[in-house]
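Chemist: Below is the file data33.txt, which contains compact mmCIF, C-alpha atoms.
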```txt
# COMPACT_ATOMS: atom_id res chain seq x y z
CA MET K 1 -14.10 -42.25 -80.31
CA PHE K 2 -17.23 -41.72 -78.25
CA GLN K 3 -19.37 -43.55 -80.81
CA ALA K 4 -16.81 -46.37 -80.93
CA ILE K 5 -16.98 -46.58 -77.13
CA GLY K 6 -20.79 -46.72 -77.31
CA ARG K 7 -20.66 -49.54 -79.88
CA VAL K 8 -17.77 -51.35 -78.15
CA ASP K 9 -15.95 -51.21 -81.49
CA ARG K 10 -12.46 -52.25 -80.40
CA ALA K 11 -10.98 -52.25 -83.92
CA SER K 12 -11.88 -48.59 -84.38
CA LEU K 13 -10.68 -47.73 -80.89
CA ARG K 14 -7.33 -49.33 -81.66
CA ALA K 15 -6.92 -47.24 -84.81
CA LEU K 16 -8.07 -44.10 -82.97
CA ALA K 17 -5.59 -44.75 -80.14
CA LYS K 18 -2.77 -44.54 -82.72
CA ILE K 19 -4.18 -41.31 -84.14
CA PHE K 20 -4.51 -39.72 -80.70
CA THR K 21 -0.99 -40.85 -79.77
CA ASP K 22 0.35 -39.03 -82.86
CA MET K 23 -1.70 -35.97 -81.87
CA GLU K 24 -0.30 -36.23 -78.31
CA ASN K 25 -3.83 -36.28 -76.95
CA LEU K 26 -3.03 -38.47 -73.95
CA PRO K 27 -6.46 -38.51 -72.23
CA ALA K 28 -8.17 -39.60 -75.47
CA THR K 29 -5.47 -42.23 -76.11
CA LEU K 30 -5.93 -43.66 -72.64
CA LEU K 31 -9.72 -43.69 -72.96
CA CYS K 32 -9.42 -45.72 -76.19
CA LEU K 33 -6.94 -48.18 -74.68
CA ASP K 34 -8.96 -48.54 -71.50
CA HIS K 35 -12.03 -49.64 -73.45
CA ILE K 36 -9.96 -51.95 -75.68
CA PHE K 37 -8.75 -53.85 -72.62
CA SER K 38 -11.99 -53.63 -70.63
CA SER K 39 -12.36 -57.39 -71.02
CA ARG K 40 -9.85 -60.23 -71.17
CA PRO K 41 -8.05 -60.19 -74.55
CA LYS K 42 -9.09 -62.97 -76.93
CA LEU K 43 -5.79 -64.43 -78.07
CA GLN K 44 -6.70 -68.04 -78.70
CA GLY K 45 -6.01 -69.17 -82.25
CA LEU K 46 -4.23 -65.97 -83.26
CA PRO K 47 -0.87 -66.10 -85.08
CA LEU K 48 2.17 -65.09 -83.01
CA SER K 49 2.51 -61.80 -84.93
CA GLU K 50 -0.98 -60.66 -83.90
CA ILE K 51 -0.45 -61.76 -80.31
CA GLN K 52 2.79 -59.78 -80.33
CA GLU K 53 0.95 -56.70 -81.60
CA SER K 54 -1.67 -57.06 -78.89
CA PHE K 55 1.06 -57.32 -76.24
CA SER K 56 2.78 -54.19 -77.61
CA VAL K 57 -0.46 -52.21 -77.42
CA TYR K 58 -1.03 -53.47 -73.88
CA LEU K 59 2.49 -52.48 -72.85
CA GLY K 60 1.78 -48.95 -74.14
CA TYR K 61 -1.45 -48.94 -72.11
CA VAL K 62 0.32 -49.87 -68.86
CA ARG K 63 3.03 -47.28 -69.47
CA LEU K 64 0.45 -44.58 -70.12
CA LEU K 65 -1.47 -45.47 -66.96
CA THR K 66 1.80 -45.27 -65.02
CA LYS K 67 2.52 -41.87 -66.58
CA PHE K 68 -0.89 -40.61 -65.44
CA ARG K 69 -0.32 -42.00 -61.96
CA ARG K 70 2.90 -39.97 -61.67
CA ASP K 71 1.38 -36.76 -63.09
CA GLU K 72 0.63 -34.34 -60.28
CA SER K 73 -1.35 -31.64 -62.06
CA LEU K 74 -5.06 -31.52 -61.27
CA ALA K 75 -5.74 -28.06 -62.73
CA GLN K 76 -8.71 -27.33 -64.98
CA GLY K 77 -7.75 -28.50 -68.47
CA SER K 78 -4.99 -30.83 -67.20
CA ASN K 79 -4.73 -34.41 -68.47
CA HIS K 80 -6.25 -35.72 -65.23
CA GLN K 81 -9.13 -33.27 -65.36
CA ARG K 82 -9.93 -34.28 -68.96
CA LEU K 83 -9.66 -37.98 -68.19
CA PHE K 84 -11.75 -38.02 -65.01
CA GLY K 85 -14.06 -35.08 -65.67
CA PHE K 86 -13.85 -33.48 -62.21
CA LYS K 87 -14.25 -29.74 -61.75
CA ALA K 88 -11.47 -27.62 -60.26
CA LEU K 89 -13.12 -25.19 -57.83
CA LYS K 90 -11.66 -22.28 -55.89
CA GLY K 91 -9.33 -22.84 -52.95
CA ASN K 92 -7.77 -26.11 -54.17
CA ARG K 93 -11.11 -27.89 -53.97
CA TYR K 94 -12.44 -30.33 -56.56
CA LEU K 95 -15.86 -31.74 -57.45
CA VAL K 96 -15.84 -35.35 -58.67
CA PRO K 97 -18.96 -36.31 -60.69
CA ARG K 98 -21.21 -39.14 -59.45
CA HIS K 99 -21.52 -42.51 -61.17
CA THR K 100 -17.83 -42.65 -62.06
CA PRO K 101 -15.15 -45.09 -60.85
CA LEU K 102 -13.25 -42.17 -59.30
CA HIS K 103 -16.33 -41.18 -57.28
CA ASP K 104 -16.71 -44.79 -56.13
CA GLN K 105 -13.02 -44.94 -55.24
CA LEU K 106 -13.23 -41.81 -53.10
CA THR K 107 -16.52 -42.52 -51.35
CA GLY K 108 -16.86 -46.29 -51.41
CA ARG K 109 -19.28 -47.99 -53.80
CA TYR K 110 -22.97 -47.17 -53.33
CA ALA K 111 -22.00 -44.50 -50.84
CA SER K 112 -23.52 -41.72 -52.93
CA SER K 113 -26.07 -39.89 -50.85
CA ALA K 114 -28.63 -37.20 -51.57
CA LYS K 115 -26.14 -34.75 -50.09
CA ASP K 116 -23.74 -35.05 -53.01
CA THR K 117 -26.13 -34.68 -55.94
CA ASP K 118 -23.56 -32.46 -57.66
CA GLY K 119 -20.71 -34.85 -56.94
CA TYR K 120 -18.15 -35.46 -54.22
CA GLY K 121 -16.13 -32.48 -53.00
CA CYS K 122 -12.55 -33.03 -51.88
CA GLY K 123 -9.13 -31.42 -51.58
CA TYR K 124 -5.95 -31.88 -53.64
CA ASP K 125 -4.31 -34.59 -51.51
CA GLU K 126 -7.44 -36.73 -51.27
CA LEU K 127 -8.07 -36.53 -55.00
CA ARG K 128 -4.42 -37.34 -55.85
CA ARG K 129 -4.51 -40.34 -53.54
CA GLY K 130 -7.82 -41.54 -55.00
CA ILE K 131 -6.54 -41.26 -58.57
CA SER K 132 -3.30 -43.05 -57.69
CA GLN K 133 -5.17 -45.92 -55.99
CA LEU K 134 -7.65 -46.23 -58.85
CA ILE K 135 -4.90 -46.41 -61.46
CA SER K 136 -2.84 -48.88 -59.40
CA ARG K 137 -5.81 -51.19 -59.00
CA ARG K 138 -6.62 -50.89 -62.69
CA ILE K 139 -3.07 -51.86 -63.68
CA GLN K 140 -3.22 -54.82 -61.32
CA ASP K 141 -6.65 -56.10 -62.41
CA ARG K 142 -6.12 -55.59 -66.12
CA THR K 143 -2.64 -57.15 -66.09
CA GLU K 144 -3.99 -60.17 -64.24
CA ALA K 145 -6.61 -60.60 -66.99
CA GLN K 146 -4.11 -59.99 -69.80
CA ASN K 147 -1.58 -62.38 -68.31
CA SER K 148 -4.14 -65.10 -67.65
CA ALA K 149 -5.11 -64.85 -71.34
CA CYS K 150 -1.60 -66.18 -72.05
CA HIS K 151 -2.80 -69.49 -70.68
CA ASP K 152 -5.19 -69.82 -73.64
CA ILE K 153 -2.75 -69.27 -76.45
CA HIS K 154 -0.27 -72.10 -75.90
CA GLY K 155 2.21 -69.84 -77.66
CA PHE K 156 4.85 -69.89 -75.00
CA SER K 157 5.50 -73.60 -74.65
CA PRO K 158 5.68 -76.16 -77.48
CA CYS K 159 4.66 -79.73 -76.72
CA LEU K 160 8.01 -81.48 -76.20
CA SER K 161 6.44 -84.95 -76.39
CA LEU K 162 5.33 -84.22 -79.93
CA VAL K 163 8.71 -82.79 -80.93
CA VAL K 164 10.86 -85.52 -79.37
CA GLU K 165 8.62 -88.60 -79.38
CA LYS K 166 6.47 -87.65 -82.41
CA GLY K 167 3.39 -88.24 -80.34
CA CYS K 168 1.43 -86.61 -77.55
CA ASN K 169 -0.43 -88.21 -74.65
CA PRO K 170 -2.23 -85.33 -73.00
CA PRO K 171 -2.40 -85.65 -69.23
CA ASP K 172 -5.61 -83.61 -69.08
CA GLU K 173 -8.83 -85.42 -68.28
CA ASP K 174 -10.60 -83.86 -71.25
CA GLY K 175 -7.88 -85.14 -73.57
CA SER K 176 -6.55 -81.78 -74.75
CA CYS K 177 -2.88 -80.88 -74.61
CA THR K 178 -2.02 -77.62 -72.84
CA PHE K 179 1.06 -77.02 -75.00
CA GLN K 180 1.41 -75.73 -78.53
CA HIS K 181 1.54 -78.47 -81.15
CA VAL K 182 4.31 -77.48 -83.54
CA GLN K 183 5.75 -79.99 -86.00
CA GLN K 184 9.52 -80.33 -86.01
CA GLU K 185 9.87 -78.81 -89.50
CA GLN K 186 7.98 -75.72 -88.34
CA LEU K 187 10.50 -75.03 -85.59
CA THR K 188 12.44 -72.51 -87.65
CA VAL K 189 14.63 -69.59 -86.63
CA ASP K 190 11.73 -67.20 -87.31
CA TRP K 191 9.35 -69.22 -85.13
CA TYR K 192 11.89 -69.30 -82.36
CA HIS K 193 12.58 -65.57 -82.59
CA ALA K 194 8.85 -64.80 -82.53
CA ARG K 195 8.37 -66.95 -79.45
CA LEU K 196 11.38 -65.46 -77.70
CA SER K 197 10.29 -61.88 -78.38
CA LEU K 198 6.77 -62.74 -77.17
CA VAL K 199 8.14 -64.07 -73.90
CA LEU K 200 10.36 -61.01 -73.39
CA LEU K 201 7.51 -58.67 -74.28
CA GLN K 202 5.31 -60.30 -71.68
CA PHE K 203 8.05 -59.96 -69.08
CA GLN K 204 8.30 -56.27 -69.99
CA ILE K 205 4.57 -55.95 -69.36
CA LEU K 206 4.80 -57.68 -66.00
CA ASP K 207 7.81 -55.59 -65.06
CA SER K 208 6.12 -52.31 -66.07
CA ALA K 209 3.03 -53.30 -64.11
CA ARG K 210 5.19 -54.36 -61.13
CA TYR K 211 3.23 -57.58 -61.19
CA GLY K 212 4.66 -60.27 -58.94
CA ASP K 213 2.06 -63.01 -58.73
CA LEU K 214 3.90 -66.32 -59.16
CA GLY K 215 0.76 -68.26 -59.95
CA VAL K 216 0.09 -66.10 -62.98
CA LYS K 217 3.69 -65.73 -64.10
CA LYS K 218 3.88 -69.49 -64.66
CA TYR K 219 2.05 -69.06 -67.96
CA VAL K 220 5.09 -67.36 -69.39
CA LEU K 221 8.03 -69.40 -68.19
CA THR K 222 7.86 -71.04 -64.81
CA ARG K 223 11.56 -71.33 -64.07
CA SER K 224 12.49 -67.84 -65.15
CA ALA K 225 9.47 -66.33 -63.46
CA ARG K 226 10.42 -68.00 -60.21
CA ASN K 227 13.94 -66.64 -60.51
CA ALA K 228 12.74 -63.18 -61.44
CA CYS K 229 10.23 -62.77 -58.67
CA GLY K 230 11.16 -60.70 -55.65
CA TYR K 231 13.75 -58.45 -57.20
CA SER K 232 14.18 -56.19 -60.16
CA PHE K 233 13.72 -57.99 -63.44
CA ASN K 234 16.74 -58.21 -65.71
CA VAL K 235 15.89 -58.81 -69.36
CA LYS K 236 19.39 -59.90 -70.36
CA LEU K 237 19.61 -62.58 -67.69
CA LEU K 238 16.22 -63.93 -68.61
CA ALA K 239 17.05 -63.97 -72.31
CA ARG K 240 20.17 -66.03 -71.54
CA ASP K 241 18.11 -68.33 -69.32
CA ILE K 242 15.58 -68.91 -72.09
CA VAL K 243 18.27 -69.59 -74.71
CA LEU K 244 20.18 -72.00 -72.46
CA SER K 245 17.04 -73.91 -71.55
CA ALA K 246 15.93 -74.21 -75.17
CA SER K 247 15.78 -77.64 -76.73
CA SER K 248 18.49 -78.60 -79.21
CA THR K 249 15.72 -78.57 -81.80
CA PHE K 250 15.93 -74.78 -81.96
CA PRO K 251 18.32 -73.73 -84.72
CA GLU K 252 20.10 -71.09 -82.66
CA ALA K 253 20.79 -73.43 -79.78
CA ARG K 254 22.10 -76.06 -82.21
CA ILE K 255 24.37 -73.54 -83.98
CA ALA K 256 25.67 -72.29 -80.63
CA ARG K 257 26.44 -75.85 -79.50
CA GLU K 258 28.17 -76.74 -82.77
CA SER K 259 30.30 -73.61 -82.70
CA ARG K 260 31.44 -74.49 -79.18
CA HIS K 261 32.61 -77.91 -80.38
CA CYS K 262 34.63 -76.45 -83.28
CA MET L 1 -40.68 -8.64 -75.70
CA GLU L 2 -37.18 -7.23 -75.09
CA ASP L 3 -38.41 -5.89 -71.75
CA ALA L 4 -39.63 -9.35 -70.83
CA LEU L 5 -36.25 -10.85 -71.70
CA GLU L 6 -34.47 -8.22 -69.64
CA PHE L 7 -36.76 -8.93 -66.70
CA LEU L 8 -36.14 -12.68 -66.91
CA GLU L 9 -32.38 -12.10 -67.12
CA ASP L 10 -32.41 -9.77 -64.09
CA TYR L 11 -34.13 -12.45 -62.02
CA ASP L 12 -31.95 -15.34 -63.34
CA MET L 13 -34.98 -17.08 -64.85
CA ASP L 14 -32.90 -18.85 -67.47
CA GLU L 15 -35.38 -21.61 -68.34
CA ALA L 16 -38.13 -19.10 -69.08
CA ARG L 17 -35.74 -16.84 -70.98
CA ALA L 18 -34.64 -19.74 -73.17
CA LYS L 19 -38.28 -20.57 -73.97
CA VAL L 20 -38.98 -16.96 -74.96
CA LEU L 21 -35.86 -16.89 -77.13
CA ILE L 22 -37.00 -20.06 -78.91
CA GLN L 23 -40.41 -18.47 -79.55
CA LEU L 24 -38.57 -15.51 -81.05
CA GLY L 25 -36.58 -17.86 -83.27
CA ARG L 26 -33.31 -17.10 -81.50
CA ILE L 27 -32.38 -20.78 -81.15
CA SER L 28 -28.66 -20.20 -80.87
CA ASP L 29 -29.10 -17.74 -77.99
CA ALA L 30 -31.41 -20.17 -76.18
CA ALA L 31 -28.87 -22.99 -76.59
CA GLN L 32 -26.09 -20.75 -75.26
CA ILE L 33 -28.08 -20.27 -72.05
CA HIS L 34 -28.36 -24.03 -71.49
CA ALA L 35 -24.68 -24.49 -72.33
CA LYS L 36 -23.69 -21.75 -69.89
CA ASN L 37 -25.63 -23.59 -67.18
CA GLY L 38 -23.75 -26.80 -68.00
CA ASP L 39 -26.70 -28.60 -69.61
CA MET L 40 -25.05 -29.65 -72.87
CA LEU L 41 -27.77 -32.15 -73.75
CA LYS L 42 -30.51 -29.52 -73.61
CA ALA L 43 -28.33 -27.10 -75.56
CA ALA L 44 -27.71 -29.67 -78.31
CA GLU L 45 -31.38 -30.72 -78.38
CA THR L 46 -32.42 -27.08 -78.73
CA LEU L 47 -30.08 -26.61 -81.69
CA ASP L 48 -31.24 -29.90 -83.20
CA THR L 49 -34.84 -28.62 -83.33
CA SER L 50 -33.80 -25.60 -85.38
CA THR L 51 -34.74 -25.61 -89.05
CA ILE L 52 -31.85 -23.25 -89.72
CA ARG L 53 -28.80 -25.46 -90.34
CA SER L 54 -26.29 -22.62 -90.43
CA THR L 55 -22.58 -23.36 -90.03
CA GLU L 56 -22.62 -21.38 -86.80
CA ASN L 57 -25.45 -23.50 -85.36
CA LEU L 58 -23.82 -26.74 -86.47
CA ARG L 59 -20.48 -25.77 -84.91
CA LEU L 60 -22.19 -24.83 -81.66
CA MET L 61 -24.10 -28.11 -81.64
CA ALA L 62 -20.86 -30.08 -82.20
CA LYS L 63 -19.16 -28.15 -79.40
CA CYS L 64 -22.04 -28.84 -76.98
CA ILE L 65 -22.13 -32.56 -77.82
CA ILE L 66 -18.36 -33.01 -77.50
CA THR L 67 -18.23 -31.10 -74.21
CA GLY L 68 -21.15 -33.14 -72.88
CA LEU L 69 -19.56 -36.43 -73.94
CA ARG L 70 -16.19 -35.47 -72.45
CA ARG L 71 -17.91 -34.80 -69.14
CA SER L 72 -20.06 -37.92 -69.10
CA LEU L 73 -17.80 -40.56 -70.68
CA THR L 74 -14.79 -40.32 -68.40
CA LEU L 75 -12.40 -43.16 -67.54
CA GLY L 76 -14.26 -46.39 -66.85
CA VAL L 77 -17.72 -45.07 -67.71
CA VAL L 78 -19.83 -46.98 -70.24
CA PRO L 79 -22.90 -45.28 -71.78
CA LYS L 80 -26.06 -46.83 -70.35
CA SER L 81 -29.42 -46.85 -72.06
CA GLY L 82 -31.34 -43.64 -71.34
CA SER L 83 -28.30 -41.86 -69.91
CA ILE L 84 -27.20 -38.37 -70.93
CA ALA L 85 -24.23 -39.91 -72.76
CA SER L 86 -26.42 -42.26 -74.83
CA LYS L 87 -28.75 -39.37 -75.77
CA LEU L 88 -25.75 -37.26 -76.79
CA LEU L 89 -24.46 -40.15 -78.91
CA VAL L 90 -27.79 -40.27 -80.78
CA LEU L 91 -27.48 -36.55 -81.51
CA ALA L 92 -23.84 -37.05 -82.55
CA ASP L 93 -25.05 -39.19 -85.46
CA ARG L 94 -26.69 -36.08 -86.91
CA LEU L 95 -23.58 -33.91 -86.76
CA ASP L 96 -22.16 -32.44 -89.94
CA LYS L 97 -18.50 -33.51 -89.98
CA ASN L 98 -17.69 -30.67 -92.42
CA ALA L 99 -18.50 -28.15 -89.70
CA MET L 100 -16.05 -29.78 -87.28
CA LYS L 101 -12.28 -29.74 -86.77
CA GLU L 102 -10.30 -32.93 -87.47
CA GLN L 103 -9.62 -33.54 -83.77
CA GLU L 104 -13.35 -33.17 -82.99
CA VAL L 105 -14.30 -35.64 -85.73
CA HIS L 106 -11.90 -38.22 -84.26
CA GLU L 107 -13.22 -37.62 -80.76
CA VAL L 108 -16.84 -38.15 -81.74
CA SER L 109 -16.93 -40.65 -84.56
CA ALA L 110 -16.25 -44.37 -84.93
CA PRO L 111 -14.50 -44.87 -88.25
CA HIS L 112 -15.18 -48.38 -89.54
CA TYR L 113 -11.92 -50.27 -89.48
CA SER L 114 -11.44 -53.98 -90.04
CA ILE L 115 -14.50 -55.30 -88.26
CA GLY L 116 -14.06 -58.55 -86.41
CA ARG L 117 -10.39 -58.08 -85.59
CA ARG L 118 -9.60 -59.29 -82.16
CA VAL L 119 -7.41 -57.75 -79.51
```
Spell out the structure here as structure tokens.

Modeler:
Amino acid sequence: MFQAIGRVDRASLRALAKIFTDMENLPATLLCLDHIFSSRPKLQGLPLSEIQESFSVYLGYVRLLTKFRRDESLAQGSNHQRLFGFKALKGNRYLVPRHTPLHDQLTGRYASSAKDTDGYGCGYDELRRGISQLISRRIQDRTEAQNSACHDIHGFSPCLSLVVEKGCNPPDEDGSCTFQHVQQEQLTVDWYHARLSLVLLQFQILDSARYGDLGVKKYVLTRSARNACGYSFNVKLLARDIVLSASSTFPEARIARESRHC
Amino acid sequence: MEDALEFLEDYDMDEARAKVLIQLGRISDAAQIHAKNGDMLKAAETLDTSTIRSTENLRLMAKCIITGLRRSLTLGVVPKSGSIASKLLVLADRLDKNAMKEQEVHEVSAPHYSIGRRV
């Protein structure tokens, strides 16, 4: 893992994350996932199945971060201690090593002084608060990057002009269409299911991350996102919303309509 | 020489004691002193200089490198050129995987999976 981190070898880190998950080594799993998503995911041009896999891994990452945020143990050998590398001293005191994000979080960036050559000393409550804030900010920043990557993939919204009018006149100045170009014959049940599960998976991510930025949610499904914002997200309602708003081109919507007429 | 070692130990002169131990060929003991003081890089470097590649020495070297990497590569830390972590990673290339437990191998190494796959 450490060599993979040094080489920024994300493929190896992804495989190692699975191994560590099976071994129930949570700090190592989180370290792998954290380096995998250290930059905005590159989703452009990937098939829906690979995008779906990437989303699933990201959802696991957010859930694991949340689990660490809730964990209260800071003892020597605890998951937190192994993840952040602080030392548990006597009398509920802790020493946080310099040049780490946790040190920066607790002291303010560039606040390291000659006084704390060994690290920053603090008590239980201060360390818990620092860890909680660091993880919360990480979830927020990383989810913003992951969600904005959805804008690149065009996987959520097919170009309706192409489907209905057999032609596309992109409104963009550079002449490129911002929607996915799918031919009518490719709009199969499988394609529709893949798209639907991708949308729901992304909503699960946003819900797990408690992410409520409307401007970013629009990449997934503007109408549903607008409805979902501000209160607890309900997957069933959104699924119904997506199905009802689907074009008659989608096989399931057509079958549902025909069965109603019978 | 034993008297000298005892004297150095009594006065907590660990650096000097480690040097004497190396001169006496007791590399493992010298490395243990550095490890006890928390300097895992020095401990691993000391073991790496040894011509005796015994299983015991190799296991101790692996333990020092892994402990050092766990302490230096915590959440959000990337190994920078010239840092302790990057020096430990160079030494990690020389580790004998047969002298390590499965969990340790996974923690240190970067198995080559499908290169070029995107996330």

Chemist: To one decimal place, how far is atom CA of L:Ala30 from atom CA of L:Ala99 in Å?

Modeler: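 Result for atom CA of L:Ala30 versus atom CA of L:Ala99: 20.3 Å, one decimal.
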
Chemist: Using all atoms listed in the file, which chain L residues lie at most 6 Å away from chain K, written as a PyMOL selection string?

Modeler: chain L and resi 71+74-75+107-111+113+119

Chemist: Nearest to L:Gln32: which of L:Asn57, L:Thr51, L:Ser72, L:Ser83 is it, counting only C-alpha atoms?

Modeler: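 Among the listed residues, the smallest separation from L:Gln32 belongs to L:Asn57.
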
Chemist: Using atom CA of K:Val164 and atom CA of K:Leu187 as the two end points, give the distance in Å to one decimal.

Modeler: 12.2 Å

Chemist: Near stretch 18-29 of chain L, within 12 Å and counting only C-alpha atoms, which residues show up once chain neighbours fewer than 3 positions away are dropped, as a PyMOL selection string?

Modeler: chain L and resi 1-9+12-15+32-37+42-61+64

Chemist: Save the residues we just selected, C-alpha atoms, as a CSV table (one decimal), keeping the file's coordinate frame?

Modeler:
```
chain,number,residue,atom,x,y,z
L,1,MET,CA,-40.7,-8.6,-75.7
L,2,GLU,CA,-37.2,-7.2,-75.1
L,3,ASP,CA,-38.4,-5.9,-71.8
L,4,ALA,CA,-39.6,-9.4,-70.8
L,5,LEU,CA,-36.2,-10.8,-71.7
L,6,GLU,CA,-34.5,-8.2,-69.6
L,7,PHE,CA,-36.8,-8.9,-66.7
L,8,LEU,CA,-36.1,-12.7,-66.9
L,9,GLU,CA,-32.4,-12.1,-67.1
L,12,ASP,CA,-32.0,-15.3,-63.3
L,13,MET,CA,-35.0,-17.1,-64.8
L,14,ASP,CA,-32.9,-18.8,-67.5
L,15,GLU,CA,-35.4,-21.6,-68.3
L,32,GLN,CA,-26.1,-20.8,-75.3
L,33,ILE,CA,-28.1,-20.3,-72.0
L,34,HIS,CA,-28.4,-24.0,-71.5
L,35,ALA,CA,-24.7,-24.5,-72.3
L,36,LYS,CA,-23.7,-21.8,-69.9
L,37,ASN,CA,-25.6,-23.6,-67.2
L,42,LYS,CA,-30.5,-29.5,-73.6
L,43,ALA,CA,-28.3,-27.1,-75.6
L,44,ALA,CA,-27.7,-29.7,-78.3
L,45,GLU,CA,-31.4,-30.7,-78.4
L,46,THR,CA,-32.4,-27.1,-78.7
L,47,LEU,CA,-30.1,-26.6,-81.7
L,48,ASP,CA,-31.2,-29.9,-83.2
L,49,THR,CA,-34.8,-28.6,-83.3
L,50,SER,CA,-33.8,-25.6,-85.4
L,51,THR,CA,-34.7,-25.6,-89.0
L,52,ILE,CA,-31.8,-23.2,-89.7
L,53,ARG,CA,-28.8,-25.5,-90.3
L,54,SER,CA,-26.3,-22.6,-90.4
L,55,THR,CA,-22.6,-23.4,-90.0
L,56,GLU,CA,-22.6,-21.4,-86.8
L,57,ASN,CA,-25.4,-23.5,-85.4
L,58,LEU,CA,-23.8,-26.7,-86.5
L,59,ARG,CA,-20.5,-25.8,-84.9
L,60,LEU,CA,-22.2,-24.8,-81.7
L,61,MET,CA,-24.1,-28.1,-81.6
L,64,CYS,CA,-22.0,-28.8,-77.0
```

Chemist: So which one's closest to K:His103, K:Leu127, K:Leu33, K:Ala88, K:Val182? Using all atoms listed in the file, please.

Modeler: K:Leu127

Chemist: Quick one: distance from atom CA of L:Leu88 to atom CA of L:Ile65 in Å, one decimal?

Modeler: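 The value is 6.0 Å.
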
Chemist: Nearest to L:Ile84 among L:His106, L:Asn98, L:Leu69, L:Lys63, with distances taken over all atoms listed in the file: which residue is it?

Modeler: L:Leu69

Chemist: Skipping near chain neighbours, those fewer than 2 positions away, what residues fall within 10 Å of K:Leu89 using only C-alpha atoms, listed as a list of chain:residue names?

Modeler: K:Ala75, K:Gln76, K:Phe86, K:Lys87, K:Gly91, K:Asn92, K:Arg93, K:Tyr94, K:Leu95, K:Gly121, K:Cys122, K:Gly123

Chemist: Counting only C-alpha atoms, find the residues whose atoms lie at most 12 Å from (9.2, -63.7, -82.4) (file coordinates) and write them out as a list in words.

Modeler: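 Nearby residues: Pro47, Leu48, Ser49, Glu50, Ile51, Gln52, Glu53, Gly155, Phe156, Leu187, Thr188, Val189, Asp190, Trp191, Tyr192, His193, Ala194, Arg195, Leu196, Ser197, Leu198, Val199, Leu200, Leu201 and Gln202 of chain K.
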